[in-house]
Every structure is written in structure tokens, then in C-alpha cells.
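Note: the block below is target-v2.txt and it holds compact mmCIF, C-alpha atoms.
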```
# COMPACT_ATOMS: atom_id res chain seq x y z
CA PHE A 20 16.37 -6.64 9.93
CA GLY A 21 13.23 -5.60 11.78
CA GLY A 22 14.48 -2.17 12.82
CA VAL A 23 17.95 -3.25 13.97
CA ARG A 24 20.55 -0.82 12.61
CA PHE A 25 24.30 -0.52 12.83
CA TYR A 26 26.37 2.64 12.44
CA TRP A 27 30.05 3.29 11.86
CA THR A 28 30.93 6.01 14.31
CA GLY A 29 33.90 7.81 15.66
CA GLU A 30 35.05 7.63 19.25
CA ALA A 31 32.53 9.01 21.80
CA SER A 32 29.90 9.56 19.07
CA THR A 33 26.20 9.23 19.75
CA VAL A 34 23.93 6.75 18.06
CA THR A 35 20.40 7.41 16.91
CA SER A 36 18.23 4.88 18.66
CA THR A 37 15.66 2.85 16.76
CA ASP A 38 12.70 0.82 17.83
CA PRO A 39 12.63 -2.74 16.55
CA ARG A 40 9.49 -3.69 14.66
CA PHE A 41 7.80 -6.91 15.64
CA LYS A 42 4.77 -8.54 14.16
CA GLN A 43 2.73 -11.14 15.90
CA ILE A 44 2.01 -14.18 13.78
CA LEU A 45 -1.01 -16.24 14.61
CA LEU A 46 -0.91 -19.89 13.60
CA VAL A 47 -4.46 -21.21 13.44
CA ALA A 48 -4.92 -24.94 13.89
CA LYS A 49 -6.48 -26.75 10.94
CA LYS A 50 -7.44 -30.38 11.27
CA LEU A 51 -6.75 -32.81 8.44
CA MET A 52 -8.92 -35.89 8.80
CA GLY A 53 -8.96 -39.08 6.79
CA ASP A 54 -11.08 -42.18 6.77
CA THR A 55 -11.74 -45.30 4.81
CA ALA A 56 -14.05 -48.26 4.99
CA VAL A 57 -12.84 -51.86 5.04
CA ALA A 58 -15.30 -54.73 4.94
CA ASN A 59 -15.14 -57.23 7.81
CA GLU A 60 -14.84 -60.05 5.27
CA LEU A 61 -11.73 -58.46 3.80
CA ILE A 62 -10.15 -58.11 7.24
CA GLU A 63 -11.00 -61.72 8.13
CA ASP A 64 -10.03 -63.27 4.77
CA SER A 65 -6.89 -61.27 4.04
CA PRO A 66 -3.70 -63.37 3.89
CA PHE A 67 -1.80 -60.48 5.52
CA THR A 68 -2.56 -57.91 8.18
CA LEU A 69 -4.37 -54.97 6.65
CA GLU A 70 -3.41 -52.71 9.55
CA ALA A 71 0.16 -52.26 8.28
CA LEU A 72 -1.08 -51.58 4.74
CA LEU A 73 -3.66 -49.06 5.94
CA THR A 74 -1.10 -47.31 8.15
CA THR A 75 1.21 -46.88 5.16
CA MET A 76 -1.66 -45.73 2.92
CA PHE A 77 -2.84 -43.16 5.47
CA ALA A 78 0.69 -41.80 6.01
CA GLN A 79 1.21 -41.39 2.25
CA ALA A 80 -2.21 -39.81 1.74
CA MET A 81 -1.76 -37.42 4.67
CA THR A 82 1.64 -36.28 3.35
CA PHE A 83 0.13 -35.71 -0.11
CA TYR A 84 -2.77 -33.61 1.22
CA GLU A 85 -0.49 -31.59 3.50
CA ASP A 86 1.91 -30.84 0.63
CA LYS A 87 -1.05 -29.97 -1.62
CA ALA A 88 -2.25 -27.41 0.93
CA PHE A 89 1.25 -26.05 1.60
CA ILE A 90 1.66 -25.36 -2.14
CA ASN A 91 -1.88 -24.53 -3.32
CA GLY A 92 -3.94 -23.93 -0.17
CA THR A 93 -6.37 -20.99 -0.07
CA GLY A 94 -6.14 -20.37 3.68
CA ALA A 95 -9.91 -20.92 4.00
CA GLY A 96 -10.29 -23.97 6.26
CA GLU A 97 -6.83 -25.15 5.17
CA PRO A 98 -3.27 -23.80 5.28
CA LEU A 99 -2.38 -20.85 3.07
CA GLY A 100 -0.21 -22.20 0.28
CA ILE A 101 2.69 -20.65 -1.59
CA LEU A 102 0.55 -19.99 -4.69
CA ASN A 103 -1.97 -17.86 -2.78
CA SER A 104 0.47 -16.20 -0.38
CA PRO A 105 0.98 -12.43 -0.47
CA ALA A 106 4.71 -13.27 -0.34
CA LEU A 107 4.58 -14.84 -3.83
CA VAL A 108 6.90 -13.09 -6.29
CA SER A 109 6.06 -13.75 -9.92
CA VAL A 110 8.53 -13.42 -12.80
CA ALA A 111 7.05 -12.44 -16.16
CA LYS A 112 7.86 -14.36 -19.32
CA GLU A 113 10.29 -12.89 -21.81
CA THR A 114 9.13 -10.56 -24.59
CA GLY A 115 8.16 -12.73 -27.53
CA GLN A 116 8.36 -15.96 -25.50
CA ALA A 117 5.82 -18.50 -26.72
CA ALA A 118 3.10 -19.56 -24.30
CA ALA A 119 3.74 -22.69 -22.19
CA THR A 120 7.50 -22.61 -22.73
CA ILE A 121 10.54 -22.25 -20.48
CA VAL A 122 13.63 -20.31 -21.45
CA ALA A 123 16.87 -20.00 -19.49
CA GLU A 124 16.16 -16.33 -18.79
CA ASN A 125 13.04 -17.33 -16.80
CA LEU A 126 15.21 -19.36 -14.43
CA ASP A 127 17.86 -16.63 -14.34
CA LYS A 128 15.31 -14.05 -13.24
CA MET A 129 13.79 -16.35 -10.63
CA TYR A 130 17.20 -17.04 -9.13
CA ALA A 131 18.08 -13.33 -9.24
CA ARG A 132 14.90 -12.45 -7.29
CA MET A 133 15.67 -14.95 -4.50
CA LEU A 134 16.89 -13.39 -1.26
CA GLY A 135 20.65 -13.69 -1.05
CA ARG A 136 20.57 -15.43 2.33
CA SER A 137 17.99 -17.91 0.99
CA LYS A 138 19.91 -19.06 -2.08
CA ASN A 139 21.78 -21.78 -0.17
CA LYS A 140 18.49 -23.11 1.28
CA ALA A 141 16.24 -22.75 -1.77
CA ILE A 142 14.60 -25.63 -3.63
CA TRP A 143 12.85 -25.75 -6.99
CA LEU A 144 9.32 -27.19 -7.04
CA VAL A 145 8.41 -28.12 -10.61
CA ASN A 146 5.48 -29.77 -12.35
CA HIS A 147 6.45 -32.99 -14.13
CA ASP A 148 5.34 -31.66 -17.51
CA CYS A 149 8.12 -29.03 -17.36
CA PHE A 150 10.83 -31.70 -17.48
CA PRO A 151 11.20 -32.04 -21.28
CA GLN A 152 11.79 -28.30 -21.67
CA LEU A 153 14.16 -28.08 -18.70
CA ALA A 154 16.18 -31.01 -20.01
CA ALA A 155 16.50 -29.33 -23.42
CA LEU A 156 17.56 -25.87 -22.17
CA SER A 157 20.94 -24.64 -23.26
CA ARG A 158 22.91 -21.42 -22.96
CA PHE A 159 24.50 -19.99 -26.09
CA VAL A 160 27.76 -18.08 -25.79
CA GLY A 161 29.05 -16.79 -29.12
CA THR A 162 29.21 -19.79 -31.42
CA GLY A 163 29.33 -22.29 -28.55
CA GLY A 164 27.49 -22.87 -25.34
CA GLY A 165 26.33 -25.65 -23.15
CA PRO A 166 23.34 -27.22 -21.45
CA ILE A 167 21.64 -25.63 -18.43
CA TRP A 168 20.62 -29.06 -17.12
CA VAL A 169 23.53 -31.47 -17.10
CA THR A 170 22.38 -35.06 -17.02
CA ASN A 171 23.63 -38.60 -17.21
CA ILE A 172 20.96 -40.57 -19.07
CA ALA A 173 22.11 -43.87 -17.56
CA ALA A 174 22.14 -42.62 -13.97
CA GLY A 175 19.17 -40.26 -14.35
CA PRO A 176 19.00 -36.49 -14.25
CA ALA A 177 21.01 -34.57 -11.70
CA ASN A 178 17.81 -32.82 -10.55
CA GLN A 179 19.54 -29.54 -9.82
CA ILE A 180 19.31 -26.07 -11.31
CA TYR A 181 21.99 -23.58 -10.24
CA GLY A 182 23.11 -26.13 -7.67
CA ARG A 183 19.73 -26.24 -5.91
CA PRO A 184 17.60 -29.40 -5.72
CA VAL A 185 14.67 -29.84 -8.08
CA ILE A 186 11.61 -31.64 -6.74
CA PHE A 187 9.14 -32.70 -9.41
CA THR A 188 5.57 -32.82 -8.17
CA GLU A 189 2.12 -33.00 -9.66
CA LEU A 190 1.10 -30.48 -6.99
CA CYS A 191 2.58 -27.60 -9.00
CA GLN A 192 0.43 -26.10 -11.74
CA THR A 193 0.71 -27.32 -15.31
CA LEU A 194 3.31 -25.85 -17.69
CA GLY A 195 2.48 -22.30 -18.73
CA THR A 196 0.36 -21.58 -15.65
CA LEU A 197 1.31 -19.44 -12.65
CA GLY A 198 2.85 -21.90 -10.19
CA ASP A 199 4.37 -24.33 -12.72
CA ILE A 200 7.86 -23.67 -11.30
CA TYR A 201 8.70 -22.28 -7.86
CA LEU A 202 12.02 -21.36 -6.32
CA VAL A 203 11.33 -21.33 -2.59
CA ASP A 204 13.15 -21.18 0.71
CA PRO A 205 11.03 -23.55 2.80
CA SER A 206 12.46 -22.17 6.05
CA TYR A 207 10.12 -19.16 5.61
CA TYR A 208 7.01 -21.35 5.58
CA LEU A 209 5.66 -21.71 9.11
CA ILE A 210 3.99 -24.92 10.17
CA GLY A 211 2.88 -25.21 13.78
```
As C-alpha cells, how would this structure be written, given the file I've shared?
Amino acid sequence: FGGVRFYWTGEASTVTSTDPRFKQILLVAKKLMGDTAVANELIEDSPFTLEALLTTMFAQAMTFYEDKAFINGTGAGEPLGILNSPALVSVAKETGQAAATIVAENLDKMYARMLGRSKNKAIWLVNHDCFPQLAALSRFVGTGGGPIWVTNIAAGPANQIYGRPVIFTELCQTLGTLGDIYLVDPSYYLIG
């Protein structure tokens, strides 16, 4: 808690004072620029106004490139992403686990490593190619068990693991690579 301490004491007892520890965080502005070229003929001959289309395209593209940097950015001329952050905590695969596979214990260990106060704010960021393995995960208990991922095929997957939302994105690394699945508390990522 940054040097803040509490003590249980008796009546008229003294308390050892502490100095809080503060760290200055410097947010450095990075500029994301976009452009495109549209021929005058296209603008003049278009049956609809291209301005609305271009505004939508730029908004979608900007969001994509921001998210790409927030997840994978190197910090050199762009934001520092989760993958390259010194705060990244990696969970090793299980002994004997085949390469490019997901087992329930991987998710268990990720969830166990999450800060307690972050578990109710955490989200899973997952590459799309992890879906088939997540959907097939099950937990065996004795001679029975049940699925990890409960789904309704007609309504679509629940998109939750341990009650936390799952966001599938091509911005995560491919299955079997560091960064294929993240469990993150986005409130710790600073954007100025």
C-alpha cells in the first residue's frame, strides 16, 4: 500500500511512523496519425457522401492501432504494451503439456496469480485460434466432471472464464506463443 501501515495497539501505545513511498509516472505523448487518398472523381461521382464513410473507417482504424499498441507496443515511438511491460507475469505450461495446447491448469494458474482486488475487474484477452481448445476444455472429478466453458451453441458462447469476460482479438499472439492469452486488469494500464 505504498508505505501505509496499520497496527493493532493497546491504549496509549506508540506507533512506529513510516514514510509513504511515491513514484512519479511520466506519461509521454505519442501521436497516432492516419491518412488516405481519395480521388476527386470518386468524391464527385459517389452516390453517397464519402465523408461519413471515411469518418467511420478512420475511427475503426484508429481504435485498432491503439489497441494493437496497448497490447503489443514496444514503447519506442509508441505506447508500451502489455506484452513488453515489466509488469507482465508469465505462467509456464504444465510438465508434459504438448506445445500449442491449453489445459485447464494453465487458466487456473493465471487466475491464481491475479491480484485479489483485480479479480472482479479482470478481463481475458485471447487470440481467436485459442477458441477450439477453450471450448473443448473440461474438468475431471473422479469418474465425472464437466466443461470449463459452458456454452449454448444456438445463442453462442458465453464468452466468460471464471466469470470474467473473454475478448477474442487477433491482436494477441497466436496459440502457443507468449501473449496468446492474457488475464488483465485494465484499470492498471495508464492512458493519458
Excluding same-chain residues fewer than 2 positions from range 41-53 of chain A, what lies within 8 Å of it counting all atoms listed in the file, as an NGL selection string? :A and (21 or 39 or 55 or 77 or 81 or 96-98 or 210-211)
Output file for the residues above (C-alpha atoms, as a PDB file, in the coordinates of the input):
```pdb
ATOM      1  CA  GLY A  21      13.230  -5.600  11.780  1.00  0.00           C
ATOM      2  CA  PRO A  39      12.630  -2.740  16.550  1.00  0.00           C
ATOM      3  CA  THR A  55     -11.740 -45.300   4.810  1.00  0.00           C
ATOM      4  CA  PHE A  77      -2.840 -43.160   5.470  1.00  0.00           C
ATOM      5  CA  MET A  81      -1.760 -37.420   4.670  1.00  0.00           C
ATOM      6  CA  GLY A  96     -10.290 -23.970   6.260  1.00  0.00           C
ATOM      7  CA  GLU A  97      -6.830 -25.150   5.170  1.00  0.00           C
ATOM      8  CA  PRO A  98      -3.270 -23.800   5.280  1.00  0.00           C
ATOM      9  CA  ILE A 210       3.990 -24.920  10.170  1.00  0.00           C
ATOM     10  CA  GLY A 211       2.880 -25.210  13.780  1.00  0.00           C
TER      11      GLY A 211
END
```
Need the shell around range 127-143 of chain A: protein/DNA/RNA residues with any atom at most 7 Å away, counting all atoms listed in the file. Skip same-chain ones fewer than 2 positions apart. Format as a PyMOL selection string? chain A and resi 110+123-125+145+183-186+200-205
I need every residue sitting at most 9 Å from the point (16.3, -0.3, 13.9) (coordinates as in the file, all atoms listed in the file considered), written as a ChimeraX atom specification. /A:20-25,36-40
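CA of Thr75 in chain A is positioned 28.3 Å from CA of Ala95 in chain A.
The coordinates place CA of Ile121 in chain A at 10.4 Å from CA of Ala154 in chain A.
Interatomic distance, CA of Thr196 in chain A against CA of Ala117 in chain A: 12.7 Å.
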List as a list in words: which residues have an atom within 12 Å of (-11.1, -45.1, 6.7), counting all atoms listed in the file? Met52, Gly53, Asp54, Thr55, Ala56, Val57, Ala58, Leu69, Glu70, Leu73, Thr74, Met76, Phe77 and Ala80 of chain A
Same residues, C-alpha atoms, saved as a compact mmCIF listing (two decimals), in the frame of the given file:
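To be explicit, this is the file written out as part08.txt:
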```
# COMPACT_ATOMS: atom_id res chain seq x y z
CA MET A 52 -8.92 -35.89 8.80
CA GLY A 53 -8.96 -39.08 6.79
CA ASP A 54 -11.08 -42.18 6.77
CA THR A 55 -11.74 -45.30 4.81
CA ALA A 56 -14.05 -48.26 4.99
CA VAL A 57 -12.84 -51.86 5.04
CA ALA A 58 -15.30 -54.73 4.94
CA LEU A 69 -4.37 -54.97 6.65
CA GLU A 70 -3.41 -52.71 9.55
CA LEU A 73 -3.66 -49.06 5.94
CA THR A 74 -1.10 -47.31 8.15
CA MET A 76 -1.66 -45.73 2.92
CA PHE A 77 -2.84 -43.16 5.47
CA ALA A 80 -2.21 -39.81 1.74
```
Given 8 Å on each side, where is the centre and what are the edge lengths in Å to one decimal of the axis-aligned box enclosing the listed atoms of range 159-166 of chain A, as AutoDock Vina command-line options?
```
--center_x 26.3 --center_y -22.0 --center_z -26.4 --size_x 22.0 --size_y 26.4 --size_z 26.0
```
Could I see range 29-63 of chain A restored to N, CA and C atoms, set down as a PDB file, in the coordinates of the input?
```pdb
ATOM      1  N   GLY A  29      32.621   7.472  15.068  1.00  0.00           N
ATOM      2  CA  GLY A  29      33.900   7.810  15.660  1.00  0.00           C
ATOM      3  C   GLY A  29      33.844   7.610  17.161  1.00  0.00           C
ATOM      4  N   GLU A  30      34.963   7.802  17.804  1.00  0.00           N
ATOM      5  CA  GLU A  30      35.050   7.630  19.250  1.00  0.00           C
ATOM      6  C   GLU A  30      34.156   8.644  19.947  1.00  0.00           C
ATOM      7  N   ALA A  31      33.424   8.200  20.958  1.00  0.00           N
ATOM      8  CA  ALA A  31      32.530   9.010  21.800  1.00  0.00           C
ATOM      9  C   ALA A  31      31.382   9.629  21.001  1.00  0.00           C
ATOM     10  N   SER A  32      31.024   9.060  19.864  1.00  0.00           N
ATOM     11  CA  SER A  32      29.900   9.560  19.070  1.00  0.00           C
ATOM     12  C   SER A  32      28.593   9.017  19.629  1.00  0.00           C
ATOM     13  N   THR A  33      27.507   9.706  19.323  1.00  0.00           N
ATOM     14  CA  THR A  33      26.200   9.230  19.750  1.00  0.00           C
ATOM     15  C   THR A  33      25.552   8.425  18.630  1.00  0.00           C
ATOM     16  N   VAL A  34      24.626   7.601  19.009  1.00  0.00           N
ATOM     17  CA  VAL A  34      23.930   6.750  18.060  1.00  0.00           C
ATOM     18  C   VAL A  34      22.449   7.091  18.120  1.00  0.00           C
ATOM     19  N   THR A  35      21.832   7.186  16.963  1.00  0.00           N
ATOM     20  CA  THR A  35      20.400   7.410  16.910  1.00  0.00           C
ATOM     21  C   THR A  35      19.710   6.092  17.236  1.00  0.00           C
ATOM     22  N   SER A  36      18.882   6.132  18.270  1.00  0.00           N
ATOM     23  CA  SER A  36      18.230   4.880  18.660  1.00  0.00           C
ATOM     24  C   SER A  36      17.069   4.568  17.714  1.00  0.00           C
ATOM     25  N   THR A  37      16.779   3.304  17.576  1.00  0.00           N
ATOM     26  CA  THR A  37      15.660   2.850  16.760  1.00  0.00           C
ATOM     27  C   THR A  37      14.829   1.890  17.564  1.00  0.00           C
ATOM     28  N   ASP A  38      13.589   1.771  17.181  1.00  0.00           N
ATOM     29  CA  ASP A  38      12.700   0.820  17.830  1.00  0.00           C
ATOM     30  C   ASP A  38      12.541  -0.376  16.911  1.00  0.00           C
ATOM     31  N   PRO A  39      12.825  -1.568  17.409  1.00  0.00           N
ATOM     32  CA  PRO A  39      12.630  -2.740  16.550  1.00  0.00           C
ATOM     33  C   PRO A  39      11.142  -2.912  16.241  1.00  0.00           C
ATOM     34  N   ARG A  40      10.867  -3.446  15.070  1.00  0.00           N
ATOM     35  CA  ARG A  40       9.490  -3.690  14.660  1.00  0.00           C
ATOM     36  C   ARG A  40       9.216  -5.193  14.766  1.00  0.00           C
ATOM     37  N   PHE A  41       8.192  -5.520  15.488  1.00  0.00           N
ATOM     38  CA  PHE A  41       7.800  -6.910  15.640  1.00  0.00           C
ATOM     39  C   PHE A  41       6.387  -7.080  15.111  1.00  0.00           C
ATOM     40  N   LYS A  42       6.110  -8.227  14.611  1.00  0.00           N
ATOM     41  CA  LYS A  42       4.770  -8.540  14.160  1.00  0.00           C
ATOM     42  C   LYS A  42       4.374  -9.869  14.765  1.00  0.00           C
ATOM     43  N   GLN A  43       3.209  -9.896  15.312  1.00  0.00           N
ATOM     44  CA  GLN A  43       2.730 -11.140  15.900  1.00  0.00           C
ATOM     45  C   GLN A  43       2.133 -12.001  14.799  1.00  0.00           C
ATOM     46  N   ILE A  44       2.528 -13.238  14.761  1.00  0.00           N
ATOM     47  CA  ILE A  44       2.010 -14.180  13.780  1.00  0.00           C
ATOM     48  C   ILE A  44       1.119 -15.169  14.509  1.00  0.00           C
ATOM     49  N   LEU A  45      -0.055 -15.333  14.010  1.00  0.00           N
ATOM     50  CA  LEU A  45      -1.010 -16.240  14.610  1.00  0.00           C
ATOM     51  C   LEU A  45      -1.103 -17.492  13.743  1.00  0.00           C
ATOM     52  N   LEU A  46      -0.755 -18.621  14.299  1.00  0.00           N
ATOM     53  CA  LEU A  46      -0.910 -19.890  13.600  1.00  0.00           C
ATOM     54  C   LEU A  46      -2.229 -20.503  14.055  1.00  0.00           C
ATOM     55  N   VAL A  47      -3.145 -20.675  13.128  1.00  0.00           N
ATOM     56  CA  VAL A  47      -4.460 -21.210  13.440  1.00  0.00           C
ATOM     57  C   VAL A  47      -4.477 -22.692  13.119  1.00  0.00           C
ATOM     58  N   ALA A  48      -4.894 -23.486  14.072  1.00  0.00           N
ATOM     59  CA  ALA A  48      -4.920 -24.940  13.890  1.00  0.00           C
ATOM     60  C   ALA A  48      -5.972 -25.319  12.845  1.00  0.00           C
ATOM     61  N   LYS A  49      -5.569 -26.167  11.940  1.00  0.00           N
ATOM     62  CA  LYS A  49      -6.480 -26.750  10.940  1.00  0.00           C
ATOM     63  C   LYS A  49      -6.346 -28.257  11.094  1.00  0.00           C
ATOM     64  N   LYS A  50      -7.459 -28.936  11.073  1.00  0.00           N
ATOM     65  CA  LYS A  50      -7.440 -30.380  11.270  1.00  0.00           C
ATOM     66  C   LYS A  50      -7.596 -31.085   9.936  1.00  0.00           C
ATOM     67  N   LEU A  51      -6.667 -31.980   9.640  1.00  0.00           N
ATOM     68  CA  LEU A  51      -6.750 -32.810   8.440  1.00  0.00           C
ATOM     69  C   LEU A  51      -7.214 -34.188   8.892  1.00  0.00           C
ATOM     70  N   MET A  52      -8.360 -34.601   8.394  1.00  0.00           N
ATOM     71  CA  MET A  52      -8.920 -35.890   8.800  1.00  0.00           C
ATOM     72  C   MET A  52      -8.995 -36.812   7.596  1.00  0.00           C
ATOM     73  N   GLY A  53      -8.835 -38.085   7.844  1.00  0.00           N
ATOM     74  CA  GLY A  53      -8.960 -39.080   6.790  1.00  0.00           C
ATOM     75  C   GLY A  53      -9.738 -40.272   7.294  1.00  0.00           C
ATOM     76  N   ASP A  54     -10.400 -40.950   6.381  1.00  0.00           N
ATOM     77  CA  ASP A  54     -11.080 -42.180   6.770  1.00  0.00           C
ATOM     78  C   ASP A  54     -11.176 -43.108   5.574  1.00  0.00           C
ATOM     79  N   THR A  55     -11.500 -44.310   5.842  1.00  0.00           N
ATOM     80  CA  THR A  55     -11.740 -45.300   4.810  1.00  0.00           C
ATOM     81  C   THR A  55     -12.624 -46.388   5.402  1.00  0.00           C
ATOM     82  N   ALA A  56     -13.219 -47.147   4.547  1.00  0.00           N
ATOM     83  CA  ALA A  56     -14.050 -48.260   4.990  1.00  0.00           C
ATOM     84  C   ALA A  56     -13.429 -49.562   4.499  1.00  0.00           C
ATOM     85  N   VAL A  57     -13.357 -50.547   5.391  1.00  0.00           N
ATOM     86  CA  VAL A  57     -12.840 -51.860   5.040  1.00  0.00           C
ATOM     87  C   VAL A  57     -13.864 -52.889   5.515  1.00  0.00           C
ATOM     88  N   ALA A  58     -14.283 -53.730   4.607  1.00  0.00           N
ATOM     89  CA  ALA A  58     -15.300 -54.730   4.940  1.00  0.00           C
ATOM     90  C   ALA A  58     -14.727 -55.756   5.923  1.00  0.00           C
ATOM     91  N   ASN A  59     -15.556 -56.211   6.848  1.00  0.00           N
ATOM     92  CA  ASN A  59     -15.140 -57.230   7.810  1.00  0.00           C
ATOM     93  C   ASN A  59     -14.618 -58.479   7.108  1.00  0.00           C
ATOM     94  N   GLU A  60     -15.264 -58.858   5.990  1.00  0.00           N
ATOM     95  CA  GLU A  60     -14.840 -60.050   5.270  1.00  0.00           C
ATOM     96  C   GLU A  60     -13.399 -59.894   4.764  1.00  0.00           C
ATOM     97  N   LEU A  61     -13.071 -58.707   4.291  1.00  0.00           N
ATOM     98  CA  LEU A  61     -11.730 -58.460   3.800  1.00  0.00           C
ATOM     99  C   LEU A  61     -10.713 -58.576   4.936  1.00  0.00           C
ATOM    100  N   ILE A  62     -11.052 -58.024   6.073  1.00  0.00           N
ATOM    101  CA  ILE A  62     -10.150 -58.110   7.240  1.00  0.00           C
ATOM    102  C   ILE A  62      -9.960 -59.566   7.650  1.00  0.00           C
ATOM    103  N   GLU A  63     -11.057 -60.332   7.690  1.00  0.00           N
ATOM    104  CA  GLU A  63     -11.000 -61.720   8.130  1.00  0.00           C
ATOM    105  C   GLU A  63     -10.314 -62.629   7.106  1.00  0.00           C
TER     106      GLU A  63
END
```
